[in-house]
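Visitor: If you scroll down you'll find the structure; I have some questions about it.
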Protein chains: 2
Amino acid sequence: MFESAELGHKTDKAEYEALVPTLRAQLLDAQFDLRELKQFAVVVLINGIDGAGKGETVNLLNEWMDPRHIETWAFDAPSAEEAERPFMWRFWRALPPKGKIGILFGNWYSETIHARVHRITKRAELDQRLDAINRFEAMLVREGVLLIKWWFHLSKAGQKARLKALEKNPKTRWRVTERDWKYYALYDRYRETAEHVLRHTSTGDAPWLIVDGSDERFRSLLVGRTLLEALRKRIESINKGWAPRQMAAPLTPSLDNLNLLNSLVLRQELGKKDYNELLELYQGRLALLCRSEAFRKRSLVLVFEGADAAGKGGAIRRITAALDARSFRVVPVAAPTEEERAQPYLWRFWRHVPRQGKITIFDRSWYGRVLVERVEGFCSEADWMRAYAEINDFEDQLIEAGAVVVKFWLAISDEEQLARFKAREAEPHKRFKITEEDWRNREKSAEYAQAVCDMVDRTSTENAPWTLVEADNKLYARIKVLRTVCERLEAALA
Amino acid sequence: MFESAELGHKTDKAEYEALVPTLRAQLLDAQFDLRELKQFAVVVLINGIDGAGKGETVNLLNEWMDPRHIETWAFDAPSAEEAERPFMWRFWRALPPKGKIGILFGNWYSETIHARVHRITKRAELDQRLDAINRFEAMLVREGVLLIKWWFHLSKAGQKARLKALEKNPKTRWRVTERDWKYYALYDRYRETAEHVLRHTSTGDAPWLIVDGSDERFRSLLVGRTLLEALRKRIESINKGWAPRQMAAPLTPSLDNLNLLNSLVLRQELGKKDYNELLELYQGRLALLCRSEAFRKRSLVLVFEGADAAGKGGAIRRITAALDARSFRVVPVAAPTEEERAQPYLWRFWRHVPRQGKITIFDRSWYGRVLVERVEGFCSEADWMRAYAEINDFEDQLIEAGAVVVKFWLAISDEEQLARFKAREAEPHKRFKITEEDWRNREKSAEYAQAVCDMVDRTSTENAPWTLVEADNKLYARIKVLRTVCERLEAALA
């Protein structure tokens with residue numbers, strides 16, 4: 001969930017100063033249109049790790065735009081008057097009218113997360129509250145509110161560095177209190193709770209947007225750009241006379257060229273001799289794990305995604321070689337059949353959910369919805385936006401029923417892919433594997449990369465994390481896949 | 001919630017036999033169109049009290065329509081194979097493809113309710129499951145499924161009579177087992193759980209439809225008509241080229257002339273002398289209750305709805321006469337102001353939520369959404385359909401924060417209303433109270449009556465029940481209102 005926000009995005013000063021004047025002018029324009037139209041209100045939620053720039057961002061938005069039409073609310077512990085009314089009462093009072101922007105800082109999420117981190121609420125109580133929040137936000141969206149939910153993130157090391165830096169500077173020393181360090185000590189628990197909360201409240205209509213808070217300039221540009229795009233998208237749809245409702249803020253735009261995929265070193269060293277040794281080692285481990293007593297009460301779901309010719313089939317064969325043929329099924333996923341198209345899109349995957357003691361390997365999967373269907377426009381934006389939450393729901397149910405879910409994205413460089421395509425064309429028995437479509441897909445590699453990054457950010461969680469596999473060297477990729485499966489199984493069966 | 005289903009609806013044999021042939025032909029036509037279009041699937045959920053005709057209805061639908069295109073599923077305890085997979089797995093397998101009707105008997109609700117009635121699950125766990133069900137059903141609806149959720153209801157006495165009747169007949173004796181009587185003993189708990197479940201899963205897109213199960217002919221006609229209307233509505237919208245999604249089944253149509261309102265005896269006897277005595281009695285009780293120590297930690301929300309000239313103002317004045325002027329506020333609700341129109345529709349009511357120890361009296365209320373706004377077309381069908389769940393949510397929050405919520409519908413006959421209108425016109429100082437609009441509203445009294453009945457069925461619950469007040473005699477109405485407020489407060493403060 002926080003993968004992309006921990007890559008260390010940065011914007012240098014010159015670039016920042018070149019971009020800001022235009023952005024400010026555009027934001028002011030958009031704000032003016034919002035006011036003139038008076039067709040919808042904007043609710044901005046500011047949440048996240050302390051020290052990740054929440055306060056600074058709120059100040060900046062007020063500075064960049066016309067503050068007379070921004071209502072900023074900071075909520076702390078409820079007053080006596082507030083405590084005597086329902087939990088949501090003070091937030092209802094803070095809702096901005098149509099034409100205005102309301103920035104809610106310390107909102108319905110802050111208290112909810114705080115109570116769980118400090119174990120004031122139980123997990124089931126937390127879930128009841130999240131459910132109430134989802135219903136409330138769904139109502140806002142259906143009433144036409146443009147809801148933008150920002151989570152400002154810092155890694156643990158990042159938060160520590162930030163607090164130290166504030167302490168060191170005499171001008172900001174006062175901002176760091178003992179409470180801040182006490183909270184820092186709870187970082188892991190806070191992060192875990194936040195992940196749960198974000199996952200359960202990130203819906204197609206009101207998705208969370210994660211902001212890397214480590215670099216002030218990057219963070220400011222990202223927030224400004226996202227707000228601008230969200231406003232413009234809604235305003236245009238109104239000007240075109242479209243129904244303005246239930247249109248989500250766009251996902252976080254890409255500002256720099258840094259993303260999860262291109263921060264990988266795709267060619268990793270591994271020679272044939274080492275490969276053979278490791279292959280034997282991990283296949284042996286896997287064979288024992290899947291035949292163990294403990295596995296009889298569990299099941300295994302493997303998901304393979306990756307660009308064409310990334311080596312999914314080869315990796316799968318190295319796994320199945322270690323398994324009893326009666327225990328697994330490989331499900332190759334292509335375009336849906338007529339029977340499958342007559343059903344909700346997850347139906348064809350539910351069919352293959354393994355029973356206890358069994359293994360299903362998906363060669364491509366339900367993630368097609370947010371990859372090929374998104375990029376090629378086979379489904380509407382609303383459809384793929386809601387799919388993230390539906391997929392998380394689906395995987396949660398698998399895990400709750402005892403399945404271990406392991407998901408791989410096999411990443412190869414454009415050059416390596418080209419080389420493999422050419423090699424396939426040269427080999428008569430592999431030529432059938434390359435089609436016109438494969439060549440066309442290469443032209444959309446930037447869109448696919450964006451879709452992959454959004455997918456990982458929105459569906460990688462503690463229980464069902466994505467493993468990105470550097471796959472320019474096939475041998476390395478196969479071993480990483482095998483090792484990951486073994487480690488995940490060992491952890492689950494321990 | 002079950003109010004309308006306990007009125008004892010009946011259809012006589014002659015009427016039934018006259019209506020059925022056409023209905024069957026229409027159902028077959030609609031089923032044919034469904035199959036030809038292949039644009040959506042129909043999922044019918046059959047739930048409710050044992051003995052209320054669930055099985056008979058399923059058989060009937062198969063008899064009336066072409067059973068080759070109906071897939072009927074009856075789920076009992078999960079098999080070993082099913083138990084080893086996620087809870088929803090077996091239901092996913094049962095989903096009908098586009099163009100077909102799937103009847104699911106013993107579905108995701110049956111086990112959920114059963115586990116709670118037998119205290120296998122805790123309340124919070126039940127709520128987690130209901131939340132998962134809501135997400136699942138929202139997904140189905142967004143995938144284009146027409147979801148019809150029927151609850152077959154019997155009163156406690158009705159269930160007993162039904163079981164006895166089955167036992168008496170040698171042909172059906174075998175159907176009544178010891179288990180049935182054991183379950184009958186749990187009727188109250190079952191009803192309470194069912195009310196909670198239905199309330200939390202009745203959404204604007206997939207509302208529950210309650211069927212009075214006591215009379216076989218009435219029940220059969222009602223089910224057939226509802227299914228027909230739902231199919232026709234969706235098919236027409238597809239033929240018109242409208243987006244077919246998120247269109248709910250219509251609420252239960254009215255078959256006979258029996259409803260909650262016209263089953264009331266509107267003129268009740270109460271003379272002036274008795275009135276004065278009772279007035280003093282209840283005003284005294286109310287005064288003490290609202291000044292009691294216990295009330296300081298609670299609050300009171302009174303809702304008055306009713307036709308024009310039903311006597312809301314008079315009833316409210318008899319209450320406020322007993323109260324300390326510093327403790328209450330009367331909120332008259334008229335058309336929303338510009339400020340209020342710029343906000344989600346519940347916003348203007350949230351503003352007036354009382355703090356502890358205080359009282360807010362709403363002279364008309366948030367129910368305007370499902371009354372005047374529905375009937376006059378001031379909001380879309382989707383808007384008022386979702387409002388029932390949103391209103392229930394709102395009142396739940398009030399109650400959770402300690403408020404006692406008491407809701408009154410003041411019912412008067414058309415004749416009495418006419419007499420009062422004329423009397424007002426004759427009195428110079430009351431003439432301003434009658435406008436052109438009031439006369440217009442009288443012409444829509446059938447639509448208003450339907451809206452009132454739907455409102456009561458969908459928002460009357462154990463915690464926040466509606467009280468229907470027979471108001472042709474003002475004196476009687478005022479005393480009933482006062483007495484109800486006193487009794488509800490006494491129960492809450494005890």
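A note on labels: chains of the structure tokens are A, B, ... as shown, every chain counts residues from 1, and ligands are counted from 1 in their shown order.
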Can you list, as a VMD selection string, every protein, DNA or RNA residue that comes within 9 Å of region 189-195 of chain A when you count only C-alpha atoms, leaving out same-chain residues fewer than 3 positions away?
Guide: chain A and resid 1 to 2 48 to 49 113 to 114 116 to 117 183 to 186 198 to 200 461 to 462
Visitor: Might you pull out every residue within 8 Å of Asp472 (chain A), with only C-alpha atoms counted and same-chain residues fewer than 6 positions away left off, and present them as a ChimeraX atom specification?
Guide: /A:266-268,310,411-413,416
Visitor: How about saving the chosen residues, C-alpha atoms kept, as an mmCIF file, in the first residue's frame?
Guide:
```cif
data_model
loop_
_atom_site.group_PDB
_atom_site.id
_atom_site.type_symbol
_atom_site.label_atom_id
_atom_site.label_comp_id
_atom_site.auth_asym_id
_atom_site.auth_seq_id
_atom_site.Cartn_x
_atom_site.Cartn_y
_atom_site.Cartn_z
ATOM 1 C CA LEU A 266 15.858 -5.817 -13.728
ATOM 2 C CA ARG A 267 18.972 -7.824 -14.567
ATOM 3 C CA GLN A 268 20.181 -9.719 -11.524
ATOM 4 C CA ALA A 310 8.286 -12.063 -18.956
ATOM 5 C CA ALA A 411 9.140 -7.312 -14.634
ATOM 6 C CA ILE A 412 11.319 -7.205 -17.741
ATOM 7 C CA SER A 413 12.897 -4.307 -19.596
ATOM 8 C CA GLU A 416 14.842 -7.770 -23.013
#
```
Visitor: Go through chain A and flag each residue having an atom no more than 6 Å from chain B; for those, report the closest pair of atoms plus their distance in Å to one decimal, using only C-alpha atoms, ordered by chain and rising number, as CSV.
Guide:
```
residue,atom,partner,partner_atom,distance
A:Glu84,CA,B:Arg355,CA,5.4
A:Arg85,CA,B:Arg355,CA,5.7
A:Pro86,CA,B:Ala401,CA,5.0
A:Pro97,CA,B:Ala342,CA,4.9
A:Lys98,CA,B:Ala342,CA,4.9
A:Ala124,CA,B:Ala124,CA,5.9
A:Glu143,CA,B:Pro344,CA,5.6
A:Ala342,CA,B:Pro97,CA,4.9
A:Gln343,CA,B:Pro97,CA,5.3
A:Pro344,CA,B:Glu143,CA,5.6
A:Arg355,CA,B:Glu84,CA,5.4
A:Gln356,CA,B:Glu84,CA,5.7
A:Gln397,CA,B:Pro86,CA,5.7
A:Leu398,CA,B:Pro86,CA,5.9
A:Ala401,CA,B:Pro86,CA,5.0
```
Visitor: Generate the output file for the selected residues, N, CA and C atoms, as a PDB file, in the first residue's frame.
Guide:
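Contents of again35.pdb, freshly written:
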```pdb
ATOM      1  N   GLU A  84     -21.314  15.262  23.643  1.00  0.00           N
ATOM      2  CA  GLU A  84     -22.690  14.914  24.021  1.00  0.00           C
ATOM      3  C   GLU A  84     -23.578  14.624  22.820  1.00  0.00           C
ATOM      4  N   ARG A  85     -22.980  14.675  21.655  1.00  0.00           N
ATOM      5  CA  ARG A  85     -23.761  14.400  20.446  1.00  0.00           C
ATOM      6  C   ARG A  85     -23.138  13.235  19.689  1.00  0.00           C
ATOM      7  N   PRO A  86     -23.792  12.750  18.640  1.00  0.00           N
ATOM      8  CA  PRO A  86     -23.203  11.621  17.907  1.00  0.00           C
ATOM      9  C   PRO A  86     -21.813  11.972  17.370  1.00  0.00           C
ATOM     10  N   PRO A  97     -20.327  24.191   1.851  1.00  0.00           N
ATOM     11  CA  PRO A  97     -21.443  24.236   0.894  1.00  0.00           C
ATOM     12  C   PRO A  97     -20.928  24.100  -0.540  1.00  0.00           C
ATOM     13  N   LYS A  98     -21.838  23.851  -1.456  1.00  0.00           N
ATOM     14  CA  LYS A  98     -21.466  23.780  -2.873  1.00  0.00           C
ATOM     15  C   LYS A  98     -20.716  25.047  -3.281  1.00  0.00           C
ATOM     16  N   ALA A 124     -13.174  -5.700  15.882  1.00  0.00           N
ATOM     17  CA  ALA A 124     -14.542  -5.732  15.348  1.00  0.00           C
ATOM     18  C   ALA A 124     -15.213  -4.362  15.491  1.00  0.00           C
ATOM     19  N   GLU A 143     -24.425  12.625  -2.890  1.00  0.00           N
ATOM     20  CA  GLU A 143     -24.966  13.984  -2.801  1.00  0.00           C
ATOM     21  C   GLU A 143     -24.142  14.949  -3.659  1.00  0.00           C
ATOM     22  N   ALA A 342     -21.230 -13.657 -19.157  1.00  0.00           N
ATOM     23  CA  ALA A 342     -22.616 -13.546 -18.671  1.00  0.00           C
ATOM     24  C   ALA A 342     -22.678 -13.475 -17.151  1.00  0.00           C
ATOM     25  N   GLN A 343     -21.517 -13.360 -16.499  1.00  0.00           N
ATOM     26  CA  GLN A 343     -21.465 -13.371 -15.043  1.00  0.00           C
ATOM     27  C   GLN A 343     -20.671 -12.152 -14.534  1.00  0.00           C
ATOM     28  N   PRO A 344     -20.822 -11.806 -13.269  1.00  0.00           N
ATOM     29  CA  PRO A 344     -19.935 -10.784 -12.693  1.00  0.00           C
ATOM     30  C   PRO A 344     -18.474 -11.188 -12.899  1.00  0.00           C
ATOM     31  N   ARG A 355      -9.840 -26.149  -2.625  1.00  0.00           N
ATOM     32  CA  ARG A 355     -10.259 -26.588  -1.305  1.00  0.00           C
ATOM     33  C   ARG A 355      -9.024 -26.849  -0.457  1.00  0.00           C
ATOM     34  N   GLN A 356      -9.202 -27.291   0.764  1.00  0.00           N
ATOM     35  CA  GLN A 356      -8.055 -27.451   1.661  1.00  0.00           C
ATOM     36  C   GLN A 356      -7.084 -28.504   1.124  1.00  0.00           C
ATOM     37  N   GLN A 397     -11.342 -12.866   1.681  1.00  0.00           N
ATOM     38  CA  GLN A 397     -12.165 -14.058   1.923  1.00  0.00           C
ATOM     39  C   GLN A 397     -11.359 -15.334   1.733  1.00  0.00           C
ATOM     40  N   LEU A 398     -10.461 -15.325   0.738  1.00  0.00           N
ATOM     41  CA  LEU A 398      -9.589 -16.493   0.546  1.00  0.00           C
ATOM     42  C   LEU A 398      -8.727 -16.720   1.782  1.00  0.00           C
ATOM     43  N   ALA A 401     -10.421 -18.031   4.793  1.00  0.00           N
ATOM     44  CA  ALA A 401     -10.744 -19.452   4.688  1.00  0.00           C
ATOM     45  C   ALA A 401      -9.487 -20.322   4.740  1.00  0.00           C
TER      46      ALA A 401
END
```
Visitor: I'd like the contact shell of Glu373 (chain A) - 12 Å cut-off, only C-alpha atoms, skipping same-chain residues fewer than 3 positions apart - returned as a PyMOL selection string.
Guide: chain A and resi 334-336+345+365-370+376-385+387+447-448+451
Visitor: Report the distance between CA of Val469 (chain B) and CA of Asp414 (chain B) in Å, rounded to one decimal place.
Guide: 15.1 Å
Visitor: Going by DSSP on the backbone, which bits of region 65-208 of chain B are helix (DSSP H, G or I)? Write them as a PyMOL selection string, please.
Guide: chain B and resi 67-69+80-83+89-93+108-117+123-142+156-168+173-175+178-185+187-201
Visitor: In Å, with one decimal, what is the gap from CA of Asp363 (chain A) to CA of Asp274 (chain A)?
Guide: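 Going from CA of Asp363 (chain A) over to CA of Asp274 (chain A) covers 26.6 Å.
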Visitor: Run DSSP on the backbone and grab whatever in region 197-415 of chain B lands in strand (DSSP E or B); send it over as a ChimeraX atom specification.
Guide: /B:208-212,299-306,328-332,359-363,403-411
Visitor: Between A:His9, A:His196, A:Lys54, A:Lys233, which is the closest to Asp33 (chain A) once you count only C-alpha atoms?
Guide: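 Ranked by minimum distance to Asp33 (chain A), first place goes to A:Lys233.
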